[in-house]
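Shown here: protein-v7.cif, mmCIF, C-alpha atoms.
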data_data
#
loop_
_atom_site.label_atom_id
_atom_site.label_comp_id
_atom_site.auth_asym_id
_atom_site.auth_seq_id
_atom_site.Cartn_x
_atom_site.Cartn_y
_atom_site.Cartn_z
CA MET X 1 21.51 -28.30 -0.37
CA THR X 2 23.55 -25.36 -1.55
CA ILE X 3 24.36 -22.25 0.38
CA ALA X 4 21.72 -20.28 -1.56
CA THR X 5 18.86 -22.59 -0.70
CA SER X 6 19.87 -22.84 2.94
CA THR X 7 19.96 -19.03 3.10
CA GLU X 8 16.45 -19.02 1.67
CA LEU X 9 15.34 -21.48 4.33
CA ILE X 10 16.90 -19.47 7.14
CA CYS X 11 15.31 -16.25 5.82
CA PHE X 12 11.93 -17.98 5.59
CA LEU X 13 12.18 -19.29 9.15
CA ILE X 14 13.19 -15.90 10.57
CA LEU X 15 10.47 -14.02 8.66
CA GLY X 16 7.87 -16.62 9.57
CA ALA X 17 8.79 -16.38 13.24
CA VAL X 18 8.54 -12.56 13.06
CA VAL X 19 5.13 -12.80 11.38
CA VAL X 20 3.65 -15.28 13.86
CA ILE X 21 5.12 -13.77 17.05
CA GLY X 22 4.41 -10.22 15.88
CA SER X 23 0.80 -10.98 15.02
CA LEU X 24 0.33 -12.71 18.37
CA GLY X 25 1.66 -9.53 19.96
CA VAL X 26 -0.73 -7.41 17.88
CA VAL X 27 -3.66 -9.41 19.17
CA LEU X 28 -2.57 -10.02 22.76
CA LEU X 29 -0.65 -6.95 23.97
CA ALA X 30 -2.56 -4.70 26.33
CA ASN X 31 -1.09 -1.43 25.06
CA ILE X 32 -2.53 -0.70 21.63
CA VAL X 33 0.36 1.59 20.62
CA TYR X 34 2.77 -1.36 20.91
CA SER X 35 0.28 -3.38 18.86
CA ALA X 36 0.32 -0.80 16.09
CA PHE X 37 4.12 -0.74 15.89
CA LEU X 38 4.26 -4.55 15.93
CA LEU X 39 1.72 -4.52 13.10
CA GLY X 40 4.22 -2.46 11.09
CA GLY X 41 6.85 -5.11 11.81
CA VAL X 42 4.50 -7.86 10.64
CA PHE X 43 3.83 -5.94 7.41
CA MET X 44 7.57 -5.56 6.80
CA ALA X 45 8.15 -9.27 7.41
CA VAL X 46 5.37 -10.15 4.98
CA ALA X 47 7.06 -7.90 2.42
CA GLY X 48 10.25 -9.89 3.04
CA LEU X 49 8.33 -13.10 2.34
CA TYR X 50 7.19 -11.59 -0.97
CA LEU X 51 10.82 -10.88 -1.83
CA LEU X 52 11.61 -14.55 -1.12
CA LEU X 53 8.84 -15.42 -3.58
CA ASN X 54 10.46 -13.33 -6.35
CA ALA X 55 7.78 -10.62 -6.25
CA SER X 56 9.65 -7.37 -5.85
CA PHE X 57 6.83 -5.15 -7.14
CA VAL X 58 4.25 -6.46 -4.70
CA ALA X 59 6.81 -6.29 -1.89
CA ALA X 60 7.40 -2.61 -2.67
CA ALA X 61 3.64 -2.01 -2.86
CA GLN X 62 3.23 -3.77 0.48
CA VAL X 63 5.81 -1.54 2.14
CA LEU X 64 4.43 1.64 0.57
CA VAL X 65 0.74 0.98 1.11
CA TYR X 66 0.65 -1.05 4.31
CA VAL X 67 3.58 0.34 6.28
CA GLY X 68 3.48 3.81 4.76
CA ALA X 69 -0.26 4.43 4.63
CA VAL X 70 -2.38 1.93 6.56
CA ASN X 71 -0.11 1.64 9.57
CA VAL X 72 0.35 5.41 9.81
CA LEU X 73 -3.43 5.82 9.50
CA ILE X 74 -3.95 3.34 12.35
CA LEU X 75 -1.39 5.20 14.48
CA PHE X 76 -3.21 8.48 13.82
CA ALA X 77 -6.52 6.89 14.75
CA ILE X 78 -5.01 5.58 17.98
CA MET X 79 -3.71 9.03 18.82
CA LEU X 80 -7.11 10.57 18.08
CA VAL X 81 -9.12 8.13 20.18
CA ASN X 82 -6.51 7.17 22.75
CA LYS X 83 -8.50 7.69 25.88
CA ARG X 84 -7.53 5.36 28.68
CA GLU X 85 -10.79 3.88 29.81
CA ASP X 86 -11.56 1.11 32.23
CA LEU X 87 -13.49 -1.43 30.22
CA LYS X 88 -16.50 -2.72 32.02
CA PRO X 89 -15.93 -6.39 32.86
CA ILE X 90 -18.38 -8.70 31.14
CA GLU X 91 -19.25 -12.05 32.61
CA GLY X 92 -18.12 -15.20 30.88
CA LEU X 93 -15.20 -13.47 29.18
CA ALA X 94 -12.77 -16.30 29.91
CA LEU X 95 -15.24 -18.87 28.59
CA ARG X 96 -15.78 -16.74 25.51
CA ARG X 97 -12.05 -16.51 24.84
CA LEU X 98 -11.64 -20.24 25.41
CA LEU X 99 -14.48 -21.10 23.04
CA SER X 100 -13.28 -18.79 20.30
CA GLY X 101 -9.74 -20.11 20.79
CA GLY X 102 -11.08 -23.63 20.31
CA VAL X 103 -12.90 -22.60 17.16
CA CYS X 104 -9.77 -20.92 15.80
CA LEU X 105 -7.61 -23.95 16.62
CA GLY X 106 -10.13 -26.15 14.83
CA LEU X 107 -10.00 -23.88 11.79
CA LEU X 108 -6.20 -24.01 11.98
CA ALA X 109 -6.21 -27.82 12.07
CA LEU X 110 -8.57 -27.91 9.09
CA LEU X 111 -6.39 -25.52 7.08
CA PHE X 112 -3.25 -27.49 7.99
CA ARG X 113 -4.88 -30.70 6.86
CA VAL X 114 -5.97 -29.16 3.57
CA ALA X 115 -2.53 -27.69 2.95
CA LEU X 116 -0.68 -30.90 3.74
CA THR X 117 -2.91 -33.49 2.08
CA THR X 118 -3.87 -31.74 -1.16
CA PRO X 119 -1.64 -32.87 -4.05
CA TRP X 120 -0.61 -29.42 -5.27
CA ALA X 121 0.49 -29.27 -8.90
CA VAL X 122 4.06 -28.33 -8.09
CA PRO X 123 6.36 -27.71 -9.80
CA GLY X 124 4.33 -25.48 -12.10
CA PRO X 125 5.61 -23.73 -15.21
CA ALA X 126 8.95 -21.96 -15.00
CA ALA X 127 8.81 -18.74 -13.01
CA VAL X 128 9.29 -15.42 -14.77
CA GLY X 129 11.50 -14.25 -11.90
CA ALA X 130 12.66 -10.69 -12.36
CA GLY X 131 10.23 -10.06 -15.22
CA ALA X 132 7.32 -10.17 -12.79
CA THR X 133 6.83 -6.40 -12.76
CA GLU X 134 6.47 -6.22 -16.55
CA ARG X 135 4.07 -9.16 -16.47
CA ILE X 136 1.93 -7.44 -13.82
CA GLY X 137 1.83 -4.32 -15.97
CA GLU X 138 0.74 -6.37 -19.00
CA HIS X 139 -2.01 -7.99 -16.94
CA LEU X 140 -3.23 -4.68 -15.54
CA PHE X 141 -3.58 -3.11 -18.96
CA THR X 142 -4.95 -6.08 -20.91
CA ASP X 143 -7.05 -8.76 -19.25
CA TYR X 144 -7.42 -7.06 -15.86
CA LEU X 145 -8.15 -3.59 -17.25
CA LEU X 146 -11.73 -3.40 -15.94
CA PRO X 147 -10.84 -4.37 -12.34
CA PHE X 148 -7.97 -1.91 -12.50
CA GLU X 149 -10.27 0.96 -13.46
CA LEU X 150 -12.85 -0.17 -10.89
CA ALA X 151 -10.12 -0.12 -8.25
CA SER X 152 -9.39 3.51 -9.06
CA VAL X 153 -13.11 4.36 -8.75
CA LEU X 154 -13.21 2.42 -5.46
CA LEU X 155 -10.27 4.40 -4.10
CA LEU X 156 -11.94 7.67 -5.07
CA MET X 157 -15.17 6.60 -3.39
CA ALA X 158 -13.30 5.52 -0.27
CA MET X 159 -11.46 8.83 -0.13
CA ILE X 160 -14.66 10.89 -0.43
CA GLY X 161 -16.46 8.61 2.00
CA ALA X 162 -13.70 8.87 4.58
CA ILE X 163 -13.72 12.67 4.32
CA VAL X 164 -17.52 12.81 4.70
CA LEU X 165 -17.53 10.42 7.65
CA ALA X 166 -14.65 11.93 9.57
CA ARG X 167 -15.54 15.58 9.00
CA ARG X 168 -16.92 17.65 11.83
CA ASP X 169 -20.25 19.16 10.83
CA VAL X 170 -20.04 22.82 11.70
CA LEU X 171 -22.94 25.04 10.72
CA ASP X 172 -22.26 28.73 10.37
CA ALA X 173 -25.94 29.68 10.24
CA ASP X 174 -28.93 28.39 12.10
CA VAL X 175 -30.99 26.15 9.83
CA GLY X 176 -34.31 27.50 11.11
CA THR X 177 -33.78 31.20 11.55
CA GLY X 178 -30.75 31.97 9.42
CA ASP X 179 -29.00 33.75 12.28
CA ALA X 180 -25.30 33.43 12.75
CA VAL X 181 -24.47 30.71 15.22
CA ASN X 182 -21.78 30.68 17.82
CA GLN X 183 -19.61 27.83 16.63
CA ALA X 184 -18.72 26.76 20.13
CA LEU X 185 -22.32 25.82 20.73
CA VAL X 186 -22.61 23.65 17.68
CA GLU X 187 -19.57 21.59 18.51
CA LYS X 188 -20.11 18.80 20.94
CA PRO X 189 -19.00 19.77 24.44
CA GLN X 190 -15.50 18.48 24.94
CA THR X 191 -15.19 15.90 27.63
CA PRO X 192 -11.79 15.78 29.29
CA LEU X 193 -9.85 13.10 27.45
CA LEU X 194 -6.89 12.82 29.76
CA ILE X 195 -6.94 11.06 33.07
CA ASP X 196 -7.53 13.41 35.93
CA GLU X 197 -4.24 13.24 37.79
CA SER X 198 -5.44 15.19 40.81
CA ARG X 199 -7.97 12.56 41.76
CA SER X 200 -5.54 9.75 42.42
CA MET T 1 23.24 -24.11 -9.26
CA SER T 2 26.81 -24.80 -8.22
CA PRO T 3 27.44 -27.56 -5.72
CA GLY T 4 28.43 -25.52 -2.73
CA LEU T 5 28.61 -26.48 0.90
CA ASP T 6 26.42 -29.41 1.79
CA TYR T 7 24.22 -28.57 4.74
CA SER T 8 21.61 -31.27 4.20
CA GLY T 9 22.40 -33.26 7.33
CA PHE T 10 22.46 -30.11 9.38
CA PHE T 11 18.96 -28.98 8.46
CA ALA T 12 17.33 -32.36 7.94
CA PHE T 13 15.36 -32.03 11.16
CA LEU T 14 13.57 -28.98 9.76
CA LEU T 15 11.93 -30.88 6.94
CA ILE T 16 8.47 -31.73 8.21
CA ASP T 17 7.61 -34.15 5.48
CA PRO T 18 10.35 -35.61 3.27
CA MET T 19 7.71 -36.43 0.65
CA LEU T 20 7.22 -32.73 -0.12
CA GLU T 21 8.68 -31.90 -3.48
CA PRO T 22 10.43 -28.54 -3.39
CA SER T 23 9.97 -26.74 -6.68
CA SER T 24 12.07 -23.61 -6.39
CA GLY T 25 14.66 -23.78 -3.71
CA LEU T 26 14.06 -25.65 -0.52
CA VAL T 27 11.08 -23.94 1.08
CA PRO T 28 8.04 -25.94 -0.05
CA LEU T 29 4.73 -24.39 -1.01
CA GLN T 30 3.13 -25.99 2.03
CA ALA T 31 5.35 -23.97 4.39
CA TYR T 32 3.87 -20.72 3.07
CA LEU T 33 0.36 -22.16 3.31
CA LEU T 34 0.90 -23.19 6.92
CA LEU T 35 2.30 -19.79 7.82
CA ALA T 36 -0.66 -18.06 6.18
CA ALA T 37 -3.08 -20.38 8.00
CA MET T 38 -1.50 -19.48 11.34
CA LEU T 39 -1.65 -15.76 10.56
CA PHE T 40 -5.28 -16.05 9.46
CA CYS T 41 -6.33 -17.89 12.62
CA ILE T 42 -4.58 -15.36 14.84
CA GLY T 43 -6.44 -12.64 12.94
CA VAL T 44 -9.79 -14.40 13.41
CA TRP T 45 -9.16 -14.81 17.14
CA GLY T 46 -8.25 -11.15 17.48
CA LEU T 47 -11.29 -10.11 15.45
CA ILE T 48 -13.61 -12.03 17.77
CA ASN T 49 -11.97 -11.15 21.07
CA SER T 50 -10.75 -7.57 20.76
CA ARG T 51 -12.67 -4.97 22.69
CA ASN T 52 -10.79 -2.03 21.22
CA ALA T 53 -12.22 -1.10 17.83
CA VAL T 54 -8.79 -0.15 16.44
CA ARG T 55 -7.50 -3.61 17.27
CA VAL T 56 -10.41 -5.13 15.36
CA LEU T 57 -9.29 -3.19 12.28
CA MET T 58 -5.72 -4.39 12.83
CA SER T 59 -6.94 -7.99 13.00
CA ILE T 60 -8.74 -7.54 9.69
CA GLU T 61 -5.48 -6.31 8.17
CA LEU T 62 -3.72 -9.42 9.50
CA MET T 63 -6.30 -11.66 7.85
CA LEU T 64 -5.97 -9.81 4.54
CA ASN T 65 -2.20 -10.27 4.73
CA ALA T 66 -2.64 -14.01 5.32
CA VAL T 67 -4.77 -14.24 2.18
CA ASN T 68 -2.14 -12.27 0.28
CA ILE T 69 0.62 -14.66 1.38
CA ASN T 70 -1.47 -17.54 0.03
CA LEU T 71 -2.05 -15.77 -3.28
CA MET T 72 1.62 -14.93 -3.70
CA ALA T 73 2.77 -18.45 -2.82
CA PHE T 74 0.40 -20.04 -5.33
CA SER T 75 1.36 -17.48 -7.95
CA SER T 76 5.04 -18.25 -7.49
CA TYR T 77 4.87 -22.04 -7.24
CA ILE T 78 1.96 -23.07 -9.48
CA ASP T 79 1.36 -20.15 -11.84
CA GLY T 80 4.95 -19.10 -12.42
CA ASP T 81 4.64 -17.77 -15.97
CA LEU T 82 1.34 -15.85 -15.76
CA ILE T 83 1.65 -14.53 -12.20
CA ARG T 84 -2.07 -13.87 -11.80
CA GLY T 85 -1.84 -14.26 -8.03
CA GLN T 86 0.40 -11.21 -7.83
CA VAL T 87 -2.16 -9.13 -9.74
CA PHE T 88 -4.83 -10.31 -7.32
CA ALA T 89 -2.58 -9.42 -4.40
CA VAL T 90 -2.22 -5.88 -5.78
CA PHE T 91 -6.01 -5.59 -5.92
CA VAL T 92 -6.33 -6.94 -2.39
CA ILE T 93 -3.82 -4.33 -1.18
CA THR T 94 -5.88 -1.61 -2.90
CA VAL T 95 -9.13 -2.75 -1.32
CA ALA T 96 -7.43 -3.09 2.07
CA ALA T 97 -6.22 0.52 1.88
CA ALA T 98 -9.75 1.72 1.04
CA GLU T 99 -11.19 -0.43 3.83
CA ALA T 100 -8.73 0.94 6.38
CA ALA T 101 -9.52 4.54 5.44
CA VAL T 102 -13.30 4.11 5.61
CA GLY T 103 -13.11 1.92 8.73
CA LEU T 104 -11.04 4.43 10.65
CA ALA T 105 -13.31 7.27 9.53
CA ILE T 106 -16.34 5.33 10.84
CA LEU T 107 -14.42 4.71 14.05
CA LEU T 108 -13.70 8.42 14.45
CA SER T 109 -17.32 9.41 13.96
CA LEU T 110 -18.42 6.66 16.37
CA TYR T 111 -15.94 7.91 18.92
CA ARG T 112 -17.27 11.41 18.49
CA ASN T 113 -20.78 10.22 19.28
CA ARG T 114 -20.10 7.71 22.03
CA VAL T 115 -16.72 8.78 23.46
CA THR T 116 -15.54 5.20 23.68
CA VAL T 117 -13.83 2.59 21.52
CA ASP T 118 -15.24 -0.37 23.43
CA MET T 119 -16.83 -2.80 20.98
CA GLU T 120 -19.29 -3.96 23.65
CA ARG T 121 -20.88 -0.53 23.72
CA PHE T 122 -21.38 -0.18 19.97
CA ASN T 123 -24.76 -1.92 20.11
CA LEU T 124 -26.93 0.63 18.37
CA LEU T 125 -27.80 -1.70 15.48
CA ARG T 126 -28.14 -4.82 17.62
CA TRP T 127 -31.62 -6.32 17.76
#

Now, as a test, write the supplied structure out as structure tokens.
Amino acid sequence: MTIATSTELICFLILGAVVVIGSLGVVLLANIVYSAFLLGGVFMAVAGLYLLLNASFVAAAQVLVYVGAVNVLILFAIMLVNKREDLKPIEGLALRRLLSGGVCLGLLALLFRVALTTPWAVPGPAAVGAGATERIGEHLFTDYLLPFELASVLLLMAMIGAIVLARRDVLDADVGTGDAVNQALVEKPQTPLLIDESRS
Amino acid sequence: MSPGLDYSGFFAFLLIDPMLEPSSGLVPLQAYLLLAAMLFCIGVWGLINSRNAVRVLMSIELMLNAVNINLMAFSSYIDGDLIRGQVFAVFVITVAAAEAAVGLAILLSLYRNRVTVDMERFNLLRW
């Protein structure tokens, strides 16, 4: 074992620990803001794993799209809907968690068994290494051209759909009479979103 | 690869299965698969058990990342010359971005109608 391979092993172990512990934190922490920041950490660690796998382009895309766009979007959503509410307790919650935990552990055991017993065809052909970005570009503009164009259409549709869904519908004229409408009446009455401090 | 410092005795306890044949470097393909399996199962558990709708979306992102780790590991170890797994991972990242945008927009409009993010109270389409 040379120093390079042992460095690779140490990096893999650290990044794997960050991924597993961070994702457990995302799922289990009570405060959702901490969860969102931990999710960013998990995304960064996954990008580090991609770098270990010689995929610098996908690692950069991961950082840009996941950390830069998705995580920021999730943080904005949390800030927009962050009302502290007391969730109504539902009966059998502990049993439900236990059952779903059992199902997930069973799935985990199954996946472990598949991963460890299947005779994978390693080592495969020699890796392209640093030429991966050029190879991805060749793929995107030759044999994966149609999915590439469909992805652009999908992104456009998602953008328009998100705008339509998240927009506030404000009418400036009454539909029936055509009179001008006081906008304050059309908007839903604002319920106080912050906790009333005076009550406690 | 120059024969550098020999650490093999030092890290021997980390090798789960000495039969595993490392192809590039020391980390075997199976290590990535196991990591992705763990991440996926954590995501499934969070998806089932979260009561906050934003956390459900985060769990979905975790599961998509687990799938991406699998794709990238296979692409690097088994399909090293035509890295098709990396192209697939790029597409998965694209779809995940679209999904996050639409999902959070749906969440916002739900919140505007119901003033809650509790999954137990989003039962309009149930039965």

Pick from X:Ala45, X:Ala115, X:Ala4, X:Leu87, whichever lies nearest to Ser23 (chain X) using all atoms listed in the file: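 The shortest atom-to-atom distance to Ser23 (chain X) comes from X:Ala45.
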
Applied to this file, what does the PyMOL selection byres ((chain T and resi 69-71) around 9) return in terms of residues, put as a PDB file with C-alpha atoms, in the frame of the given file?
ATOM      1  CA  VAL X  46       5.370 -10.150   4.980  1.00  0.00           C
ATOM      2  CA  LEU X  49       8.330 -13.100   2.340  1.00  0.00           C
ATOM      3  CA  TYR X  50       7.190 -11.590  -0.970  1.00  0.00           C
TER       4      TYR X  50
ATOM      5  CA  TYR T  32       3.870 -20.720   3.070  1.00  0.00           C
ATOM      6  CA  LEU T  33       0.360 -22.160   3.310  1.00  0.00           C
ATOM      7  CA  LEU T  35       2.300 -19.790   7.820  1.00  0.00           C
ATOM      8  CA  ALA T  36      -0.660 -18.060   6.180  1.00  0.00           C
ATOM      9  CA  ALA T  37      -3.080 -20.380   8.000  1.00  0.00           C
ATOM     10  CA  LEU T  64      -5.970  -9.810   4.540  1.00  0.00           C
ATOM     11  CA  ASN T  65      -2.200 -10.270   4.730  1.00  0.00           C
ATOM     12  CA  ALA T  66      -2.640 -14.010   5.320  1.00  0.00           C
ATOM     13  CA  VAL T  67      -4.770 -14.240   2.180  1.00  0.00           C
ATOM     14  CA  ASN T  68      -2.140 -12.270   0.280  1.00  0.00           C
ATOM     15  CA  MET T  72       1.620 -14.930  -3.700  1.00  0.00           C
ATOM     16  CA  ALA T  73       2.770 -18.450  -2.820  1.00  0.00           C
ATOM     17  CA  PHE T  74       0.400 -20.040  -5.330  1.00  0.00           C
ATOM     18  CA  SER T  75       1.360 -17.480  -7.950  1.00  0.00           C
ATOM     19  CA  SER T  76       5.040 -18.250  -7.490  1.00  0.00           C
ATOM     20  CA  ARG T  84      -2.070 -13.870 -11.800  1.00  0.00           C
ATOM     21  CA  GLY T  85      -1.840 -14.260  -8.030  1.00  0.00           C
ATOM     22  CA  GLN T  86       0.400 -11.210  -7.830  1.00  0.00           C
ATOM     23  CA  PHE T  88      -4.830 -10.310  -7.320  1.00  0.00           C
ATOM     24  CA  ALA T  89      -2.580  -9.420  -4.400  1.00  0.00           C
TER      25      ALA T  89
END

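Put simply, CA of Gly22 (chain X) is 6.9 Å away from CA of Leu39 (chain X).
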
Long-range neighbours of region 147-161 of chain X as a ChimeraX atom specification, 9 Å cut-off, all atoms listed in the file, 5 positions minimum in chain: /X:140-141,166 /T:91,94-95,97-99,101-102,105

Give me a file of those residues, with C-alpha atoms, as a PDB file, keeping the file's coordinate frame.
ATOM      1  CA  LEU X 140      -3.230  -4.680 -15.540  1.00  0.00           C
ATOM      2  CA  PHE X 141      -3.580  -3.110 -18.960  1.00  0.00           C
ATOM      3  CA  ALA X 166     -14.650  11.930   9.570  1.00  0.00           C
TER       4      ALA X 166
ATOM      5  CA  PHE T  91      -6.010  -5.590  -5.920  1.00  0.00           C
ATOM      6  CA  THR T  94      -5.880  -1.610  -2.900  1.00  0.00           C
ATOM      7  CA  VAL T  95      -9.130  -2.750  -1.320  1.00  0.00           C
ATOM      8  CA  ALA T  97      -6.220   0.520   1.880  1.00  0.00           C
ATOM      9  CA  ALA T  98      -9.750   1.720   1.040  1.00  0.00           C
ATOM     10  CA  GLU T  99     -11.190  -0.430   3.830  1.00  0.00           C
ATOM     11  CA  ALA T 101      -9.520   4.540   5.440  1.00  0.00           C
ATOM     12  CA  VAL T 102     -13.300   4.110   5.610  1.00  0.00           C
ATOM     13  CA  ALA T 105     -13.310   7.270   9.530  1.00  0.00           C
TER      14      ALA T 105
END

Close residues, Val56 (chain T) itself excluded, 12 Å, only C-alpha atoms, min 2 positions apart in chain, as number ranges by chain: X: 26-28, 32, 35-36, 74; T: 42-54, 58-63, 100, 103-104, 107, 117-119

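Across the structure, CA of Ile90 (chain X) and CA of Val103 (chain X) are spaced 20.5 Å apart.
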
Straight-line distance linking CA of Ile78 (chain T) with CA of Val122 (chain X), stated in Å to one decimal: 5.8 Å

Top pick for closest residue to Arg168 (chain X), considering T:Ala96, T:Leu108, T:Leu124, T:Val115 and counting all atoms listed in the file: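 Of the candidates, the smallest distance to Arg168 (chain X) is held by T:Leu108.
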
Residue with smallest distance to chain T - pool X:Val33, X:Leu75, X:Leu53, X:Val67, counting all atoms listed in the file: X:Leu53
